[in-house]
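Participant: CSV, C-alpha atoms, saved as work09.csv, coming up:
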```
chain,number,residue,atom,x,y,z
A,985,MET,CA,35.1,-2.0,-59.0
A,986,THR,CA,36.6,-1.5,-55.6
A,987,GLU,CA,36.1,-4.1,-53.0
A,988,ASN,CA,34.1,-3.1,-50.0
A,989,LYS,CA,35.9,-3.0,-46.7
A,990,LYS,CA,34.9,-6.1,-44.8
A,991,ILE,CA,32.8,-5.1,-41.9
A,992,PRO,CA,31.8,-7.9,-39.6
A,993,PRO,CA,28.1,-8.5,-39.6
A,994,ILE,CA,25.8,-7.5,-36.7
A,995,VAL,CA,25.6,-10.3,-34.1
A,996,TYR,CA,22.7,-10.9,-31.8
A,997,LEU,CA,23.2,-12.2,-28.3
A,998,SER,CA,21.0,-13.0,-25.3
A,999,TYR,CA,21.8,-12.8,-21.6
A,1000,ALA,CA,19.8,-14.0,-18.6
A,1001,LYS,CA,19.3,-12.0,-15.5
A,1002,SER,CA,22.5,-11.2,-13.5
A,1003,GLU,CA,24.8,-12.4,-16.3
A,1004,LEU,CA,27.8,-10.2,-16.9
A,1005,ILE,CA,28.0,-8.7,-20.4
A,1006,ILE,CA,31.1,-6.5,-20.0
A,1007,LYS,CA,33.7,-6.7,-17.2
A,1008,GLU,CA,35.5,-3.6,-16.0
A,1009,GLY,CA,39.2,-3.7,-16.9
A,1010,ASP,CA,38.8,-6.1,-19.8
A,1011,TYR,CA,39.7,-5.1,-23.3
A,1012,GLY,CA,36.8,-5.2,-25.8
A,1013,ILE,CA,35.8,-3.4,-28.9
A,1014,SER,CA,32.1,-4.3,-29.3
A,1015,ILE,CA,29.3,-1.8,-29.0
A,1016,TYR,CA,25.9,-3.0,-27.8
A,1017,LYS,CA,22.4,-1.9,-28.5
A,1018,ILE,CA,19.6,-3.1,-26.3
A,1019,LEU,CA,16.8,-4.7,-28.2
A,1020,ASN,CA,15.0,-5.9,-25.2
A,1021,GLY,CA,15.4,-5.7,-21.4
A,1022,ASN,CA,17.5,-3.6,-19.1
A,1023,VAL,CA,21.1,-3.5,-18.1
A,1024,ARG,CA,23.0,-2.0,-15.2
A,1025,ILE,CA,26.3,-0.2,-15.7
A,1026,PHE,CA,28.4,-0.4,-12.5
A,1027,GLN,CA,31.8,-0.1,-11.1
A,1028,ARG,CA,33.0,-2.4,-8.3
A,1029,LEU,CA,34.4,-1.1,-5.1
A,1030,GLY,CA,35.5,-4.0,-3.0
A,1031,GLU,CA,32.3,-6.1,-2.5
A,1032,HIS,CA,30.1,-3.1,-3.4
A,1033,LYS,CA,28.6,-2.4,-6.8
A,1034,ILE,CA,28.3,1.3,-7.6
A,1035,THR,CA,25.5,1.8,-10.2
A,1036,LEU,CA,26.4,4.4,-12.8
A,1037,ALA,CA,23.4,4.0,-15.0
A,1038,ILE,CA,20.5,1.8,-15.9
A,1039,LEU,CA,19.8,1.5,-19.6
A,1040,GLY,CA,16.8,0.0,-21.4
A,1041,THR,CA,15.5,-0.8,-24.9
A,1042,GLY,CA,17.0,1.2,-27.7
A,1043,GLU,CA,19.9,2.4,-25.7
A,1044,VAL,CA,23.6,1.8,-26.4
A,1045,PHE,CA,26.6,0.9,-24.2
A,1046,GLY,CA,30.2,-0.1,-24.6
A,1047,GLU,CA,30.7,3.0,-26.8
A,1048,MET,CA,33.4,4.6,-24.7
A,1049,THR,CA,36.1,2.3,-26.0
A,1050,PHE,CA,35.1,3.5,-29.5
A,1051,PHE,CA,35.7,7.1,-28.6
A,1052,ASN,CA,38.9,6.4,-26.7
A,1053,PHE,CA,40.2,4.7,-29.9
A,1054,LEU,CA,40.2,1.3,-28.4
A,1055,LEU,CA,43.3,1.9,-26.2
A,1056,GLU,CA,41.6,1.9,-22.9
A,1057,PRO,CA,40.2,-1.0,-21.0
A,1058,ARG,CA,36.4,-1.1,-20.2
A,1059,SER,CA,35.7,1.6,-17.6
A,1060,ALA,CA,32.8,-0.1,-16.0
A,1061,SER,CA,31.0,-3.5,-15.9
A,1062,VAL,CA,27.6,-4.2,-17.4
A,1063,GLU,CA,25.1,-6.8,-16.2
A,1064,ALA,CA,21.7,-8.0,-17.4
A,1065,MET,CA,18.9,-6.9,-15.0
A,1066,ASP,CA,16.4,-9.3,-16.7
A,1067,ASP,CA,16.4,-11.3,-19.9
A,1068,VAL,CA,18.3,-9.1,-22.3
A,1069,GLU,CA,18.6,-9.3,-26.1
A,1070,LEU,CA,21.4,-7.3,-27.7
A,1071,GLU,CA,22.5,-6.3,-31.1
A,1072,VAL,CA,26.3,-6.2,-31.2
A,1073,TRP,CA,28.1,-3.8,-33.5
A,1074,HIS,CA,31.7,-3.9,-34.6
A,1075,PRO,CA,33.3,-0.5,-34.3
A,1076,ALA,CA,34.2,-0.5,-38.0
A,1077,MET,CA,30.5,-0.1,-38.6
A,1078,LEU,CA,30.6,3.3,-36.9
A,1079,ALA,CA,34.0,4.5,-37.8
A,1080,ASP,CA,33.1,5.5,-41.4
A,1081,GLU,CA,29.9,7.2,-40.2
A,1082,TYR,CA,31.7,9.0,-37.5
A,1083,LYS,CA,34.1,10.5,-39.9
A,1084,LYS,CA,31.2,11.9,-41.9
A,1085,ILE,CA,29.4,13.7,-39.1
A,1086,SER,CA,29.6,17.5,-38.8
A,1087,PRO,CA,32.4,19.0,-36.7
A,1088,MET,CA,29.8,20.5,-34.5
A,1089,LEU,CA,28.1,17.3,-33.6
A,1090,ARG,CA,31.4,15.6,-33.1
A,1091,TYR,CA,32.4,18.5,-30.8
A,1092,VAL,CA,29.1,18.0,-28.8
A,1093,LEU,CA,29.6,14.3,-28.7
A,1094,LYS,CA,33.2,14.5,-27.4
A,1095,GLN,CA,32.2,17.1,-24.8
A,1096,THR,CA,29.3,14.9,-23.6
A,1097,LEU,CA,31.6,12.0,-23.3
A,1098,SER,CA,34.2,13.8,-21.3
A,1099,ARG,CA,31.6,15.3,-18.9
A,1100,LEU,CA,30.1,11.8,-18.5
A,1101,LEU,CA,33.5,10.3,-17.6
A,1102,LYS,CA,34.1,13.1,-15.1
A,1103,LEU,CA,30.7,12.6,-13.5
A,1104,ASN,CA,31.2,8.8,-13.4
A,1105,LYS,CA,34.3,9.5,-11.4
A,1106,VAL,CA,32.4,11.9,-9.1
A,1107,VAL,CA,29.7,9.2,-8.5
A,1108,SER,CA,32.3,6.5,-7.7
A,1109,ASP,CA,34.2,8.9,-5.3
A,1110,LEU,CA,31.0,9.9,-3.6
A,1111,ALA,CA,29.9,6.3,-3.3
A,1112,ALA,CA,33.3,5.4,-1.8
A,1113,LYS,CA,32.9,8.1,0.8
A,1114,ARG,CA,29.4,6.9,1.6
A,1115,ILE,CA,30.6,3.3,2.0
A,1116,GLN,CA,33.3,4.4,4.4
A,1117,LYS,CA,30.8,6.3,6.4
A,1118,THR,CA,27.8,4.0,6.4
A,1119,GLY,CA,28.9,0.7,4.9
A,1120,ARG,CA,26.3,1.0,2.2
A,1121,VAL,CA,26.1,2.5,-1.3
A,1122,SER,CA,22.4,3.5,-1.5
A,1123,PRO,CA,21.1,6.4,0.5
B,538,MET,CA,40.0,31.4,-25.4
B,539,VAL,CA,38.9,31.7,-29.0
B,540,LEU,CA,36.3,29.2,-30.1
B,541,GLU,CA,37.0,26.9,-32.9
B,542,SER,CA,36.1,28.7,-36.1
B,543,PHE,CA,33.3,26.2,-37.3
B,544,ILE,CA,31.4,27.0,-34.1
B,545,TYR,CA,30.8,30.7,-35.0
B,546,GLY,CA,28.9,29.4,-38.0
B,547,TYR,CA,26.3,27.9,-35.7
B,548,ILE,CA,25.8,31.0,-33.4
B,549,ILE,CA,22.7,32.8,-34.4
B,550,LYS,CA,22.9,35.4,-31.7
B,551,GLU,CA,24.8,36.3,-28.6
B,552,GLU,CA,23.4,37.1,-25.2
B,553,ALA,CA,25.2,38.7,-22.2
B,554,PHE,CA,24.2,37.9,-18.6
B,555,PRO,CA,25.4,39.6,-15.4
B,556,ASP,CA,27.0,37.7,-12.5
B,557,GLN,CA,24.5,35.3,-10.8
B,558,ALA,CA,21.8,35.6,-13.6
B,559,ARG,CA,19.6,32.5,-13.9
B,560,ILE,CA,20.0,31.6,-17.5
B,561,ILE,CA,18.2,28.3,-17.4
B,562,GLU,CA,15.8,27.0,-14.7
B,563,GLU,CA,15.5,23.3,-13.9
B,564,GLY,CA,12.0,22.0,-14.6
B,565,LYS,CA,11.1,24.7,-17.1
B,566,TYR,CA,10.4,24.0,-20.7
B,567,GLY,CA,13.1,25.0,-23.2
B,568,ASP,CA,15.3,23.5,-25.8
B,569,TRP,CA,17.7,26.3,-26.8
B,570,VAL,CA,21.2,25.1,-26.9
B,571,TYR,CA,23.9,27.5,-25.9
B,572,ILE,CA,27.7,27.7,-26.0
B,573,VAL,CA,29.8,29.7,-23.5
B,574,VAL,CA,31.6,32.4,-25.6
B,575,GLU,CA,33.1,34.3,-22.7
B,576,GLY,CA,33.1,33.7,-19.0
B,577,ARG,CA,31.8,30.8,-16.9
B,578,VAL,CA,28.5,29.2,-15.8
B,579,LYS,CA,27.6,27.0,-12.9
B,580,ILE,CA,25.5,23.9,-13.5
B,581,LYS,CA,23.2,23.3,-10.5
B,582,LYS,CA,20.7,20.7,-9.6
B,583,ARG,CA,17.9,20.8,-7.1
B,584,THR,CA,18.3,18.4,-4.2
B,585,SER,CA,16.5,17.6,-1.0
B,586,LYS,CA,19.0,19.9,0.7
B,587,GLY,CA,18.9,22.9,-1.7
B,588,MET,CA,20.8,23.7,-4.8
B,589,LEU,CA,23.9,21.8,-5.5
B,590,THR,CA,26.6,22.8,-8.0
B,591,ILE,CA,27.4,19.9,-10.2
B,592,ASN,CA,29.8,21.5,-12.6
B,593,THR,CA,31.4,24.7,-13.6
B,594,LEU,CA,31.7,25.2,-17.4
B,595,GLY,CA,34.0,27.6,-19.2
B,596,GLU,CA,34.4,28.9,-22.7
B,597,GLY,CA,33.6,26.5,-25.5
B,598,SER,CA,31.2,24.5,-23.3
B,599,VAL,CA,27.9,23.5,-24.8
B,600,VAL,CA,24.9,24.0,-22.4
B,601,GLY,CA,21.4,22.7,-22.8
B,602,MET,CA,22.0,19.6,-24.9
B,603,ILE,CA,20.0,17.2,-22.7
B,604,PRO,CA,16.5,18.4,-23.4
B,605,PHE,CA,17.4,19.0,-27.1
B,606,LEU,CA,18.3,15.3,-27.6
B,607,LYS,CA,15.9,13.9,-25.0
B,608,LYS,CA,12.9,15.0,-27.1
B,609,THR,CA,10.4,13.5,-24.7
B,610,ASP,CA,9.4,16.5,-22.7
B,611,ARG,CA,12.1,19.1,-23.4
B,612,LEU,CA,12.2,20.1,-19.8
B,613,ARG,CA,15.3,21.6,-18.4
B,614,THR,CA,17.2,19.1,-16.3
B,615,GLU,CA,19.6,21.6,-14.7
B,616,THR,CA,19.7,25.2,-13.6
B,617,VAL,CA,22.4,27.3,-15.2
B,618,ILE,CA,23.7,30.4,-13.4
B,619,ALA,CA,26.3,33.0,-14.6
B,620,ASP,CA,29.5,32.7,-12.6
B,621,GLY,CA,30.6,36.3,-13.2
B,622,PRO,CA,29.6,38.2,-16.3
B,623,VAL,CA,29.1,35.7,-19.2
B,624,LYS,CA,28.4,35.8,-22.9
B,625,LEU,CA,26.6,32.9,-24.4
B,626,GLY,CA,26.0,32.1,-28.1
B,627,VAL,CA,22.6,30.7,-29.0
B,628,LEU,CA,23.2,27.8,-31.4
B,629,ASP,CA,21.2,27.2,-34.5
B,630,LYS,CA,19.1,24.3,-33.2
B,631,ASP,CA,17.3,23.8,-36.6
B,632,ARG,CA,20.7,23.1,-38.2
B,633,LEU,CA,21.8,20.9,-35.3
B,634,GLU,CA,18.5,19.0,-35.5
B,635,LYS,CA,18.9,18.5,-39.2
B,636,GLU,CA,22.5,17.2,-38.7
B,637,TYR,CA,21.4,14.9,-35.9
B,638,GLU,CA,18.5,13.5,-38.0
B,639,ALA,CA,20.9,12.8,-40.9
B,640,LEU,CA,23.1,10.6,-38.7
B,641,SER,CA,23.0,6.8,-39.2
B,642,PRO,CA,20.5,5.1,-36.8
B,643,GLN,CA,23.5,3.6,-34.9
B,644,LEU,CA,25.2,7.0,-34.3
B,645,LYS,CA,21.8,8.6,-33.4
B,646,SER,CA,21.1,6.0,-30.7
B,647,LEU,CA,24.7,6.3,-29.5
B,648,MET,CA,24.5,10.1,-29.2
B,649,ARG,CA,21.1,10.0,-27.5
B,650,THR,CA,22.2,7.4,-25.0
B,651,LEU,CA,25.3,9.4,-24.0
B,652,VAL,CA,23.2,12.5,-23.4
B,653,LEU,CA,20.6,10.5,-21.4
B,654,ARG,CA,23.4,8.9,-19.4
B,655,LEU,CA,24.8,12.3,-18.6
B,656,ASP,CA,21.4,13.2,-17.3
B,657,GLN,CA,21.1,10.0,-15.2
B,658,THR,CA,24.6,10.3,-13.8
B,659,THR,CA,24.1,13.9,-12.9
B,660,LYS,CA,21.0,13.0,-10.9
B,661,LYS,CA,22.8,10.1,-9.3
B,662,ALA,CA,25.8,12.4,-8.3
B,663,SER,CA,23.4,15.0,-6.8
B,664,VAL,CA,21.6,12.3,-4.7
B,665,LEU,CA,24.8,10.9,-3.4
B,666,ALA,CA,26.3,14.3,-2.7
B,667,VAL,CA,23.6,15.2,-0.2
B,668,SER,CA,22.8,11.8,1.3
```
Show this structure as structure tokens.

Facilitator:
Amino acid sequence: MTENKKIPPIVYLSYAKSELIIKEGDYGISIYKILNGNVRIFQRLGEHKITLAILGTGEVFGEMTFFNFLLEPRSASVEAMDDVELEVWHPAMLADEYKKISPMLRYVLKQTLSRLLKLNKVVSDLAAKRIQKTGRVSP
Amino acid sequence: MVLESFIYGYIIKEEAFPDQARIIEEGKYGDWVYIVVEGRVKIKKRTSKGMLTINTLGEGSVVGMIPFLKKTDRLRTETVIADGPVKLGVLDKDRLEKEYEALSPQLKSLMRTLVLRLDQTTKKASVLAVS
């Protein structure tokens, strides 16, 4: 009998409103699924927070590190917008599954990710221009 | 550019469009997924100040994935216009759907979230661009 690879178990975490879950620039490997509540994904530009996305129950964040093979620091911060309950996955849980998916879905997934990264950059550049012009992020 | 060989196995038919043809219209129902086989398309979004080009996609780019994975209303989230003569492959969405449904629950939610985030970020970029 072969011994199963040890995959760390799923962990459950709770965060209160405004608590930081992921900090941009840090290194981290966990992937999070929202069981309850909403989070805001943002990048910091000086004192301003540029919102990239708001995610709710059933949605996943922290996955970019997984696709970038864990070499890149976190590309954005994530904070709780209300009381949030999270399921935390270790990337090893996904790695085997990821190897099994069809080349076509993997192709779509990679393309979606690279378009998202490009658009995140567009959003932060546009927001930076807006801040320069008006001193505010929101229109 | 030649597409990777596995992609041809998913193309059920090819459609050619002349320059400036409106291939997909934002707000209309539709869940066909296309791949650009030859040429380029512009991805546009309606804004308060008219149509805004969000991206230009070339050969090998998949178009129309958002409504396919969103599943809620399957309304087109962007307008796609031919940027010069373009040839698109219509992808076998039943096969894609089957493969997607066979994913683990974790990968399924991850893939769906990425596509939804792409939709959200596109909206955000278009609002900021015209504000």

Participant: Measuring between only C-alpha atoms, which one of A:Lys1017, A:His1074, A:Arg1114, A:Arg1028 shows the shortest distance to Val664 of chain B?

Facilitator: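 Closest to Val664 of chain B of all the choices is A:Arg1114.
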
Participant: With distances taken over all atoms listed in the file, which residue among B:Val617, B:Asp631, B:Glu541, B:Leu589 lies nearest chain A?

Facilitator: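 Distance minimum relative to chain A lands on B:Glu541.
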
Participant: Please, which residues of chain A lie no more than 6 Å from chain B when the count uses all atoms listed in the file, and can they be set out as a list of chain:residue names?

Facilitator: A:Glu1043, A:Val1044, A:Leu1100, A:Val1107, A:Pro1123

Participant: Fewer than 3 positions away in the same chain doesn't count, so skip those; otherwise give me all residues within 6 Å of Trp1073 of chain A, counting all atoms listed in the file, as a list in words.

Facilitator: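 Once the adjacent positions are removed, what remains is Ile994, Ser1014 and Ile1015 of chain A.
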
Participant: For a test of reading the model, state the distance in Å between atom CA of Ser998 of chain A and atom CA of Gly1046 of chain A, rounded to one decimal.

Facilitator: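 Straight-line distance from atom CA of Ser998 of chain A to atom CA of Gly1046 of chain A works out to 15.9 Å.
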
Participant: Need the shell around segment 1064-1072 of chain A: protein/DNA/RNA residues with any atom at most 12 Å away, counting only C-alpha atoms. Skip same-chain ones fewer than 4 positions apart. Format as a short mmCIF file (atom, residue, chain, number, x, y, z; two decimals) with C-alpha atoms, keeping the file's coordinate frame?

Facilitator:
```cif
data_model
loop_
_atom_site.label_atom_id
_atom_site.label_comp_id
_atom_site.auth_asym_id
_atom_site.auth_seq_id
_atom_site.Cartn_x
_atom_site.Cartn_y
_atom_site.Cartn_z
CA PRO A 992 31.80 -7.90 -39.60
CA PRO A 993 28.10 -8.50 -39.60
CA ILE A 994 25.80 -7.50 -36.70
CA VAL A 995 25.60 -10.30 -34.10
CA TYR A 996 22.70 -10.90 -31.80
CA LEU A 997 23.20 -12.20 -28.30
CA SER A 998 21.00 -13.00 -25.30
CA TYR A 999 21.80 -12.80 -21.60
CA ALA A 1000 19.80 -14.00 -18.60
CA LYS A 1001 19.30 -12.00 -15.50
CA SER A 1002 22.50 -11.20 -13.50
CA GLU A 1003 24.80 -12.40 -16.30
CA LEU A 1004 27.80 -10.20 -16.90
CA ILE A 1005 28.00 -8.70 -20.40
CA ILE A 1006 31.10 -6.50 -20.00
CA GLY A 1012 36.80 -5.20 -25.80
CA ILE A 1013 35.80 -3.40 -28.90
CA SER A 1014 32.10 -4.30 -29.30
CA ILE A 1015 29.30 -1.80 -29.00
CA TYR A 1016 25.90 -3.00 -27.80
CA LYS A 1017 22.40 -1.90 -28.50
CA ILE A 1018 19.60 -3.10 -26.30
CA LEU A 1019 16.80 -4.70 -28.20
CA ASN A 1020 15.00 -5.90 -25.20
CA GLY A 1021 15.40 -5.70 -21.40
CA ASN A 1022 17.50 -3.60 -19.10
CA VAL A 1023 21.10 -3.50 -18.10
CA ARG A 1024 23.00 -2.00 -15.20
CA ILE A 1025 26.30 -0.20 -15.70
CA PHE A 1026 28.40 -0.40 -12.50
CA THR A 1035 25.50 1.80 -10.20
CA ALA A 1037 23.40 4.00 -15.00
CA ILE A 1038 20.50 1.80 -15.90
CA LEU A 1039 19.80 1.50 -19.60
CA GLY A 1040 16.80 0.00 -21.40
CA THR A 1041 15.50 -0.80 -24.90
CA GLY A 1042 17.00 1.20 -27.70
CA GLU A 1043 19.90 2.40 -25.70
CA VAL A 1044 23.60 1.80 -26.40
CA PHE A 1045 26.60 0.90 -24.20
CA GLY A 1046 30.20 -0.10 -24.60
CA GLU A 1047 30.70 3.00 -26.80
CA ALA A 1076 34.20 -0.50 -38.00
CA MET A 1077 30.50 -0.10 -38.60
CA LEU A 1078 30.60 3.30 -36.90
CA GLN B 643 23.50 3.60 -34.90
#
```

Participant: Using atom CA of Asp629 of chain B and atom CA of Trp569 of chain B as the two end points, give the distance in Å to one decimal.

Facilitator: 8.5 Å

Participant: Figure out the distance between atom CA of Thr593 of chain B and atom CA of Ile580 of chain B, please, to one decimal in Å.

Facilitator: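 So the answer is 6.0 Å.
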
Participant: Any idea what's packed within 8 Å of Val578 of chain B, counting only C-alpha atoms, ignoring anything in its chain fewer than 5 positions away? Could you give it as a compact mmCIF listing (two decimals) with C-alpha atoms, in the frame of the given file?

Facilitator:
```txt
# COMPACT_ATOMS: atom_id res chain seq x y z
CA VAL B 573 29.80 29.70 -23.50
CA THR B 593 31.40 24.70 -13.60
CA LEU B 594 31.70 25.20 -17.40
CA GLY B 595 34.00 27.60 -19.20
CA VAL B 617 22.40 27.30 -15.20
CA ILE B 618 23.70 30.40 -13.40
CA ALA B 619 26.30 33.00 -14.60
CA ASP B 620 29.50 32.70 -12.60
CA GLY B 621 30.60 36.30 -13.20
CA VAL B 623 29.10 35.70 -19.20
```

Participant: Rank B:Gly601, B:Pro642, B:Pro622, B:Gly587 by their smallest atom-to-atom distance to Ile561 of chain B, using only C-alpha atoms, and report the top residue only.

Facilitator: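 Closest candidate: B:Gly601.
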
Participant: Go through B:Glu551, B:Asp556, B:Glu563, B:Glu596 and flag the residue nearest Thr616 of chain B, using only C-alpha atoms for the distances.

Facilitator: B:Glu563

Participant: Using all atoms listed in the file, which of A:Lys1113, A:Lys990, A:Arg1120, A:Arg1090 sits nearest Phe1051 of chain A?

Facilitator: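 Nearest to Phe1051 of chain A: A:Arg1090.
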